[in-house]
Every structure is written in structure tokens, then in C-alpha cells.
Amino acid sequence: MGGTTAPLAPRAATPAALLAPRARGRGGLTAGLAFLAAMVLAAALAPLLAGHDPLATDTSATGLPPGSPGHPLGTDQLGRDLLSRMLYGARYSLLVGAAAAVLTVAAGTALGAAAALAPRWLDALVTRTADALLALPMILVALTLAAVAGPSPATVVLAIAATGWMPVALIARAEVRALRERPFVRAARSLGHSRTRILLRHLVPNALPPISAVAAFEVGHAILTESTLSFLGLGIPPNIPSWGNMLTDARALLLTGQWYTVALPAGAIVAAIIAVNAVSTGLERPGAGEGRTW
Amino acid sequence: MIRSRSLAAVGAAVALIAAGCSAQGGADDGDTLTYALGDEPDAFNPALVDEHLDPVTEMVFRGLTAHDADNEVVPALAESWEISDDERTYTFSLRDGVTWHDGEPFTAADVVFTIEAVRDGDLPTSNKYADVEDVRAEGGDTVVVELSEPAPALLDNLSNGILPEHLLADKGIDDPGFGENPVGTGPFELDEWKHGEYATLSAFDGFYGGAPGLDGVTIAYVPDAAARLIRLQNGEVDAAYLEPSQADGFDVDGYRAERFPTADYRGILFNMADDRFADPGPRTAMNYAVDRDAVIDSVLHGFGSPADGPLDKSGYDSDAAEYSFDPGRVEEIMEDDGYELNGDGVWEKDGEPYAFDLTTFAEDGVRASMIEVLATQLREQGFDVTADPQPRDAVTWDELDAFLIGWGTPYDPDTSLFGPFHSSEALAEGGSNYGSYADDDADAALEAGRSTNDEDERADAYADFQEAIAEDPPYVFVSYLDAVNAVPENLEGPKERTLAHHGYGFFWNAEEWSYFS
């Protein structure tokens, strides 16, 4: 996040200060994008790369460690090939994670920005609703939603968004409120720009850095929440591999020495989160928060 | 507001810590045992559950009869009994000087009350006493039971706890308050039940069999298997029910694993209302398509034994069916039955591939794993089976194709056969024959088996039953489970016997348990 979280003190506009974060961000951006692209590609090509049916058990090859012949990442307790499960699992996890995160961030930003600029009653409505939802157990809200909408991956995405938009909205609201009185916004206002134009061109883009940090976190949150909901029968069936389901399955094995059944899905989730984080950091503009977004 | 909230949180934390300490007991003080278990019942009332009693209900209550290590019926609250020649009149002589945990004397009136209230109460247990025409007290210590027809399972059924008339006569036998604060005649009395956490019991000094060896037993409810093992390793509990994967190579200092067989089996039930399953051929073939040893080795880590039928652990077991993994036999049966393997390697008849979903309770890790392995094994033999675990609340019996079910009793066979396999107990009739299995020969044999006390006649009847279900298999029988419990090294008393469903019954002789040092 670098120095962009301290927007109140105008940064010294030396060439070095402008270039340094850019160079650092670009490297992270490229690496993050490349990594995510590789993950998406691997997930898309799962049927070609896997070599095994991710659901087929093999009772003659249970609990094999990584590096076993025919099973590069080993097998689980029922002899299912872990590489196949990781690849097929990536399809659900990345899809649900990305869709839920995009929806969460979009809904949260829109509601937060609206609350910051809207009449007091709407502001109160949004913030009080967010507070109320934050106080409720996430599972309760998600269960209610699933009972109404019926179990499906779409329900999972909706449930995650419905229970995850509040922090994004509160951050967006705070950020937009802070930016509203900044000189560059006042300048835009005095130039006669419309409220909508100021909101879309100045306020929201400049509020994005802290939001993008939360967004990266939301991807991980979404992948994990997906497994919880799926385990409760609200989304992806618990026997279909997703990283979250694999983690749930493997949790009991932490004590019995088969660490890799936990480490593989957990590592993939962490790697995905870091990559998304690197991308979101890389996308930051050095002048963000200073009105230099365009 | 914030202050009061944090105060409340601190208060709750202190209460939790205090509860944790009091629930710990442990081998240190030598006289209490804390046992971690996954399942928590809704109430501690033996009138509301069948013979698969949870440990608390088992220790708080006593029936007229009980079971010994061989699961034979032995006297408990009844000292002895006489059966008339026509097997319709039972005369029980009750034990003298038995008191309830609240100090009231136990009398014949309690027995009459319990039997009548259960029979007339429209409870899950009501059919246990359906044949009881009349039950009366003769004096304070004799009870006479008149039956409309012989009921060989009666003595078994009377091992279910007797309930106190003086507490329940007005409120009814299913009083929820009583289920929270039960009063029985067993060796331990309930002190406190904190839902979702634990139930603490202390020794009842007035127990008719003498004071128990332990001063108290606490049952801690820990649904998560990994958490149970962690608590055991941390010394928070002294004993725990172990999952097969944990029992495999169990080695925690200061503890030993007790492995008991159970009569609890797993089998694939078919929804017979569905035309696909009408033909017994594929059901027979699938019994040969399943590699039971592989299932036991992989899912149960060896803690189980192959199942051929519902009576393998009973004295009535016959060799009508001897299933083994035999792909050749599968092929033979299916081809004789007019099926052909299609291009996908799936058996097909009249253009219809043999395909179905195999469901089970997703919460039950062992069952959920088992259906994955079974689905793979059946697919390899040409049955297109898809594993489809469902949460317990989402299971609708009349809509599913097939289900990995669990049944079995170590006691009288009637209690665990008539319900699941007799056509009068079909799902539509509100019975526990969830697959609506109906076979005339099986029906006749089950009726014969429950109509007499004569051992030879019953043996013949249950042999006929096993013959009938070998011809027309209701299930693909898979495996019996072993129950493994970790207990402290210095606890003596747990004695092997064939346990009931879910391994219940481990505490059957808890009054004899004690620590040695």
C-alpha cells in the first residue's frame, strides 16, 4: 500500500518519489497477473492436465505423499488424486471467489459512495443496515438467503456478497467523505461539474486504493466462505472438489501427519490472495488520493 | 453500552473458564471421568428413544431387565420373572429397597405407569408395548403383564428405563422439563446439563447395586472429531470416542484404545417406489460388485468387518448370503438378467443405462467417505453411480434414489428387522422402512419370528428371512463398524460387548468402572 494511505499530507512531487512506487507496483502487477493467468489457464485445462478423475477413489493408493509415481501431489485418504482435485477445485474456487469479490466490492463501493453523498436519512439507512448485518452471524444471513433462493453456486456468490459488502461500504463511505472537502474536489465543484461527474471521475477513483486492499482480502474470504456454505449444503456439493471443500475434508488430518492435504489447498488460496493483492497494489496510481487519477 | 457489553463478555469468559475447570475432572483427582462424544440427544428420556441410548440416559435410568456382556437379558429392577405356558402372561418380581434419585421409593406402580404411558403415548417407542393388553401391579413388588400374543422381544424392550410415576403422572411421560432434569434409578444422577457443552453426573449412593466406583462422569459434547482428539491430547477430557482415522495408530501417552465390535452396519438402501430398482437382479449383482475389504481398509482403517446381512452379529446369523467381491459373478447375473454393457461401460437394458445417485448424511464423515468409494467401485463394475451427500435436513426419503443407511441391534433381532424390512412399516405408513421394501416371504418370516419365544422356531423364522433377503436383497450390505474409545490407561472396568448403533452402550457397566493407581 506504500504511502498512499496517508493522503492528507501532499507527497513531495520529486521524480524519484513518483517513479519508485510505480516501478515496484509494475513488477508486482506483472507477476500477480501472470500467476493468476496461469491459475485460470490450469483450471480451464483441468481435464487435459489432471490425468485422473477427481472423484474416483482408489483404495489401493490411499494417503500417498507428494511425489508418488502417477500422483505428483499425492492422494487423499480415499486415494483420490490430489493434483486432479486441485485443478478441478480451482475452477469452482476461482470462479466463485472472483465473482463474489467483484460483486461484494461493486455493491459495497456503490452503497458506501451513495451513503457519503446522499441525504442524511439514506446515509443512516446504509450505515445502520451495515452495522446490523455486521452484528449478525454471517452463517445465519447466508442460511436464510439460501433457504429463499435455493442451493446453487449463484446462491453462494449472492450469500457472500450479501454478508461481505459492509466493510467495503463503510470504508468507501469514510474515504469519499474525507475526499469531499479536498481542494481538488472543491476545484471540480467550482468548475461547475455535476455531482455525478464529480462522484464518478474524482471521488470514487481516488477512494479506490483502500478499497482495492479490501477487495484482495475479499477474494480469499469468498473462497473460504464458499467452503463453509458448501459444507452446509447450500452451494457446491461437499464431495465436488473446491479448495474450500478440500480444506474442510483435510482439517481432521492435521493431527495425523498428512500435512500436505491441508497445505495444498491452503497454499493455493494464500497464493491466489497474494497475487490479487499484488495486482491491486500494482494498479494503484502514484497520485491516487491527490486528485491525479486522470 | 460498550462498557456493559465488554463486562458481559468478561463475565461470559469467566463462566466458560469456570465451566471448563469443573468439566475437566481428569485422572488427577482420580475419581471422575470426562468423556467426549459427538452426538447430543434432545432429551434424557428413555421413553423417547429406542434401545440406542446415549450414555447419560443409559447411566441415569434402569429398566426391569438389562443386558450382560453377551447381550443376554439379565435381571435389573426386576429380580426375577415367570412366563406362562402360553407365553402371554409375564409376572415380574421387583427388587426390594430401590429408590429414585430424589429419594422416593420405586414401586410396581412406576412400572405400570411407564408401560401404559409409553404404549398409549404415540411415541417413537410405543410399538414396543403394542401387544401389551393389560399391565397391573399386584402389591408393591409384583407386576403382571398380559399380552395379546407372544412377544419375544418384550424382555429386551423392558431394558428401556422405567420412569417415575410420582413426577410424571400429571405432566405426561414426554414432559420436556423431565427430559432436562431426569430422575431415574440408575447408578449415576444428573447434576447439570449445559446444552451443546456437557452433562455432569455424580454417583448415586443409593444405587441398588451398591455405590459406583467412580464419583462422577461428565459427558462433553464435542461434535468435531478433530477437536475431540485435541481435547484428549490437551488433557481437557479423559476419554473420547475416536473416528477410525484417529484410532488407526492411536498413541497418546497415558491412554489406551478400547475397540468393541458393534451391531451397527452400513448398507445401500434403494427407493423401491422407483421402477428402476424393481428387478432384484441388479441389486443382487451389486452385492458382488462391492469390495468390502477395500472399503473397510480405506474408509474404516480396518475398524470394521464385512456385512452379508442384518444379522451377522446376532445368534440367528445363517449363511443364506455369503457375498464377496466377484466381478465375474456380477457379469453373469447382469447378463442373465438381460443387461448389456453399453459404449460407456455401463449396464443397459432397453436403452436405459443403470444409473442412480447414492445419497447419505453429509455430516457423517465416515458415511460421506464410504459413498465416494462405493460409487467408484460400482462404476468400475458398470453401475453408473454418483455420490451425492446431503445435509441431514435436506434428505427427503421419498425423493432419493439410494441411501447409505445404518441399522442394527445387538439385542433381540425383531427390534431392528421388523421396522426396516416389513412392508407394513413402509415410508408411506410412517414406518422406518424408508426404502418401502416389500417381499412376501420376508414379511411372513418376520411375523413368524416375533410370534413365539421358542428358540428353534425363531431360528427357523430368521433363517427363512435371511433366505428371502438373499433372493430379493433390500440393501447392498457393506460393513459393520467397530467402535473405538480412548480411555485413561489406569481406568479399569470397560468390558467388551457388541455395542449398538453409533457405538452407544459403551457405558453399559459404568457402575463397575474405577481407577487403579
# chains A, B, ... in the order shown; residues from 1 in each chain; ligands from 1
call {"tool": "residues_around", "arguments": {"residues": "stretch 256-272 of chain A", "least_positions_apart": "6", "cutoff": "10 Å", "atoms": "only C-alpha atoms", "output": "PyMOL selection string"}}
result
(chain A and resi 32+35-36+39+63-66+73-77+82-83+85-86+89-90+93-94+97+216+219-221+223-224+242-250+278) or (chain B and resi 226+245-246+248-250)
call {"tool": "closest_atom_pairs", "arguments": {"of": "chain B", "to": "chain A", "cutoff": "9 Å", "atoms": "only C-alpha atoms", "output": "JSON lines"}}
result
{"residue": "B:Asp224", "atom": "CA", "partner": "A:Ala252", "partner_atom": "CA", "distance": 8.7}
{"residue": "B:Ala225", "atom": "CA", "partner": "A:Ala252", "partner_atom": "CA", "distance": 7.2}
{"residue": "B:Ala226", "atom": "CA", "partner": "A:Ala252", "partner_atom": "CA", "distance": 5.1}
{"residue": "B:Ala227", "atom": "CA", "partner": "A:Ala252", "partner_atom": "CA", "distance": 8.6}
{"residue": "B:Leu229", "atom": "CA", "partner": "A:Leu255", "partner_atom": "CA", "distance": 8.4}
{"residue": "B:Ile230", "atom": "CA", "partner": "A:Leu255", "partner_atom": "CA", "distance": 8.2}
{"residue": "B:Ser245", "atom": "CA", "partner": "A:Thr256", "partner_atom": "CA", "distance": 8.1}
{"residue": "B:Gln246", "atom": "CA", "partner": "A:Thr256", "partner_atom": "CA", "distance": 7.3}
{"residue": "B:Ala294", "atom": "CA", "partner": "A:Thr59", "partner_atom": "CA", "distance": 5.9}
{"residue": "B:Val295", "atom": "CA", "partner": "A:Thr59", "partner_atom": "CA", "distance": 7.3}
{"residue": "B:Asp297", "atom": "CA", "partner": "A:Thr59", "partner_atom": "CA", "distance": 7.8}
{"residue": "B:Ser298", "atom": "CA", "partner": "A:Thr59", "partner_atom": "CA", "distance": 5.8}
{"residue": "B:Val299", "atom": "CA", "partner": "A:Leu78", "partner_atom": "CA", "distance": 6.8}
{"residue": "B:Ala362", "atom": "CA", "partner": "A:Pro238", "partner_atom": "CA", "distance": 7.4}
{"residue": "B:Glu363", "atom": "CA", "partner": "A:Phe231", "partner_atom": "CA", "distance": 8.4}
{"residue": "B:Gly365", "atom": "CA", "partner": "A:Asp249", "partner_atom": "CA", "distance": 8.7}
{"residue": "B:Ala368", "atom": "CA", "partner": "A:Asn239", "partner_atom": "CA", "distance": 8.0}
{"residue": "B:Ser369", "atom": "CA", "partner": "A:Leu78", "partner_atom": "CA", "distance": 7.3}
{"residue": "B:Met370", "atom": "CA", "partner": "A:Leu78", "partner_atom": "CA", "distance": 8.9}
{"residue": "B:Glu372", "atom": "CA", "partner": "A:Thr57", "partner_atom": "CA", "distance": 6.7}
{"residue": "B:Val373", "atom": "CA", "partner": "A:Thr57", "partner_atom": "CA", "distance": 5.5}
{"residue": "B:Leu374", "atom": "CA", "partner": "A:Thr57", "partner_atom": "CA", "distance": 8.7}
{"residue": "B:Ala375", "atom": "CA", "partner": "A:Ala56", "partner_atom": "CA", "distance": 8.2}
{"residue": "B:Thr376", "atom": "CA", "partner": "A:Ala56", "partner_atom": "CA", "distance": 5.5}
{"residue": "B:Gln377", "atom": "CA", "partner": "A:Thr57", "partner_atom": "CA", "distance": 8.2}
{"residue": "B:Ala387", "atom": "CA", "partner": "A:Asn239", "partner_atom": "CA", "distance": 7.6}
{"residue": "B:Asp388", "atom": "CA", "partner": "A:Asn239", "partner_atom": "CA", "distance": 7.3}
{"residue": "B:Pro389", "atom": "CA", "partner": "A:Pro238", "partner_atom": "CA", "distance": 7.0}
{"residue": "B:Gln390", "atom": "CA", "partner": "A:Gly233", "partner_atom": "CA", "distance": 6.4}
{"residue": "B:Pro391", "atom": "CA", "partner": "A:Gly233", "partner_atom": "CA", "distance": 5.8}
{"residue": "B:Ala394", "atom": "CA", "partner": "A:Gly233", "partner_atom": "CA", "distance": 8.1}
call {"tool": "write_last_selection", "arguments": {"atoms": "N, CA and C atoms", "output": "mmCIF file, in the first residue's frame"}}
result
data_model
loop_
_atom_site.group_PDB
_atom_site.id
_atom_site.type_symbol
_atom_site.label_atom_id
_atom_site.label_comp_id
_atom_site.auth_asym_id
_atom_site.auth_seq_id
_atom_site.Cartn_x
_atom_site.Cartn_y
_atom_site.Cartn_z
ATOM 1 N N ASP B 224 -17.045 -32.076 16.667
ATOM 2 C CA ASP B 224 -15.941 -32.194 15.722
ATOM 3 C C ASP B 224 -14.929 -33.224 16.198
ATOM 4 N N ALA B 225 -14.663 -34.213 15.329
ATOM 5 C CA ALA B 225 -13.797 -35.315 15.725
ATOM 6 C C ALA B 225 -12.377 -34.838 16.023
ATOM 7 N N ALA B 226 -11.874 -33.911 15.200
ATOM 8 C CA ALA B 226 -10.511 -33.423 15.425
ATOM 9 C C ALA B 226 -10.423 -32.713 16.771
ATOM 10 N N ALA B 227 -11.483 -31.966 17.104
ATOM 11 C CA ALA B 227 -11.493 -31.251 18.383
ATOM 12 C C ALA B 227 -11.506 -32.234 19.551
ATOM 13 N N LEU B 229 -10.057 -35.160 19.655
ATOM 14 C CA LEU B 229 -8.704 -35.687 19.845
ATOM 15 C C LEU B 229 -7.786 -34.622 20.449
ATOM 16 N N ILE B 230 -7.951 -33.375 20.003
ATOM 17 C CA ILE B 230 -7.122 -32.295 20.560
ATOM 18 C C ILE B 230 -7.400 -32.145 22.054
ATOM 19 N N SER B 245 -10.039 -42.960 11.494
ATOM 20 C CA SER B 245 -8.729 -42.442 11.089
ATOM 21 C C SER B 245 -7.890 -42.079 12.305
ATOM 22 N N GLN B 246 -8.550 -41.724 13.416
ATOM 23 C CA GLN B 246 -7.811 -41.375 14.624
ATOM 24 C C GLN B 246 -7.412 -42.628 15.394
ATOM 25 N N ALA B 294 -11.857 -53.581 0.774
ATOM 26 C CA ALA B 294 -11.222 -52.312 0.376
ATOM 27 C C ALA B 294 -11.894 -51.129 1.065
ATOM 28 N N VAL B 295 -13.223 -51.189 1.199
ATOM 29 C CA VAL B 295 -13.939 -50.112 1.896
ATOM 30 C C VAL B 295 -13.475 -50.059 3.347
ATOM 31 N N ASP B 297 -10.707 -51.219 4.688
ATOM 32 C CA ASP B 297 -9.307 -50.792 4.823
ATOM 33 C C ASP B 297 -9.152 -49.290 4.628
ATOM 34 N N SER B 298 -9.841 -48.738 3.618
ATOM 35 C CA SER B 298 -9.604 -47.327 3.298
ATOM 36 C C SER B 298 -10.433 -46.398 4.184
ATOM 37 N N VAL B 299 -11.743 -46.600 4.232
ATOM 38 C CA VAL B 299 -12.595 -45.662 4.970
ATOM 39 C C VAL B 299 -12.538 -45.920 6.468
ATOM 40 N N ALA B 362 -24.356 -35.822 4.878
ATOM 41 C CA ALA B 362 -23.048 -35.210 4.650
ATOM 42 C C ALA B 362 -22.296 -34.989 5.955
ATOM 43 N N GLU B 363 -23.045 -34.830 7.070
ATOM 44 C CA GLU B 363 -22.391 -34.540 8.347
ATOM 45 C C GLU B 363 -21.602 -35.739 8.858
ATOM 46 N N GLY B 365 -18.950 -38.072 8.463
ATOM 47 C CA GLY B 365 -17.753 -38.167 7.636
ATOM 48 C C GLY B 365 -17.485 -39.568 7.134
ATOM 49 N N ALA B 368 -19.997 -40.312 4.387
ATOM 50 C CA ALA B 368 -19.730 -39.499 3.199
ATOM 51 C C ALA B 368 -18.529 -40.064 2.445
ATOM 52 N N SER B 369 -17.509 -40.534 3.182
ATOM 53 C CA SER B 369 -16.361 -41.145 2.520
ATOM 54 C C SER B 369 -16.752 -42.473 1.891
ATOM 55 N N MET B 370 -17.594 -43.221 2.621
ATOM 56 C CA MET B 370 -17.968 -44.544 2.138
ATOM 57 C C MET B 370 -18.695 -44.463 0.802
ATOM 58 N N GLU B 372 -18.329 -42.304 -1.513
ATOM 59 C CA GLU B 372 -17.376 -41.997 -2.589
ATOM 60 C C GLU B 372 -16.706 -43.281 -3.085
ATOM 61 N N VAL B 373 -16.263 -44.094 -2.131
ATOM 62 C CA VAL B 373 -15.582 -45.331 -2.510
ATOM 63 C C VAL B 373 -16.570 -46.293 -3.164
ATOM 64 N N LEU B 374 -17.771 -46.401 -2.604
ATOM 65 C CA LEU B 374 -18.762 -47.327 -3.169
ATOM 66 C C LEU B 374 -19.152 -46.900 -4.580
ATOM 67 N N ALA B 375 -19.316 -45.578 -4.778
ATOM 68 C CA ALA B 375 -19.687 -45.094 -6.111
ATOM 69 C C ALA B 375 -18.611 -45.462 -7.122
ATOM 70 N N THR B 376 -17.333 -45.281 -6.742
ATOM 71 C CA THR B 376 -16.244 -45.636 -7.652
ATOM 72 C C THR B 376 -16.248 -47.131 -7.944
ATOM 73 N N GLN B 377 -16.404 -47.934 -6.884
ATOM 74 C CA GLN B 377 -16.381 -49.391 -7.082
ATOM 75 C C GLN B 377 -17.535 -49.843 -7.980
ATOM 76 N N ALA B 387 -22.087 -40.228 -6.295
ATOM 77 C CA ALA B 387 -22.207 -39.923 -4.866
ATOM 78 C C ALA B 387 -22.789 -38.530 -4.699
ATOM 79 N N ASP B 388 -23.769 -38.405 -3.816
ATOM 80 C CA ASP B 388 -24.459 -37.130 -3.643
ATOM 81 C C ASP B 388 -24.786 -36.917 -2.166
ATOM 82 N N PRO B 389 -23.776 -36.554 -1.359
ATOM 83 C CA PRO B 389 -24.056 -36.352 0.067
ATOM 84 C C PRO B 389 -24.973 -35.157 0.281
ATOM 85 N N GLN B 390 -25.875 -35.275 1.218
ATOM 86 C CA GLN B 390 -26.836 -34.199 1.500
ATOM 87 C C GLN B 390 -26.834 -33.933 2.997
ATOM 88 N N PRO B 391 -27.011 -32.657 3.382
ATOM 89 C CA PRO B 391 -27.151 -32.413 4.818
ATOM 90 C C PRO B 391 -28.417 -33.096 5.346
ATOM 91 N N ALA B 394 -31.816 -31.926 4.597
ATOM 92 C CA ALA B 394 -32.229 -31.848 3.193
ATOM 93 C C ALA B 394 -32.628 -33.214 2.636
#
call {"tool": "residues_around", "arguments": {"residues": "A:Leu33", "least_positions_apart": "5", "cutoff": "10 Å", "atoms": "only C-alpha atoms", "output": "PyMOL selection string"}}
result
chain A and resi 27-28+38-39+275-276+278-280+282
call {"tool": "atom_distance", "arguments": {"atom1": "atom CA of A:Ala101", "atom2": "atom CA of A:Ala162"}}
result
11.0 Å
call {"tool": "select_by_dssp", "arguments": {"residues": "stretch 43-289 of chain A", "states": "alpha helix (DSSP H)", "output": "PyMOL selection string"}}
result
chain A and resi 43-44+46-50+82-117+120-135+138-149+153-180+183-190+195-198+204-231+243-250+259-283
call {"tool": "atom_distance", "arguments": {"atom1": "atom CA of B:Ala320", "atom2": "atom CA of B:Glu467"}}
result
5.3 Å
call {"tool": "residues_around", "arguments": {"residues": "B:Asn271", "least_positions_apart": "6", "cutoff": "6 Å", "atoms": "only C-alpha atoms", "output": "MDAnalysis selection string"}}
result
chainID B and resid 401:402 435
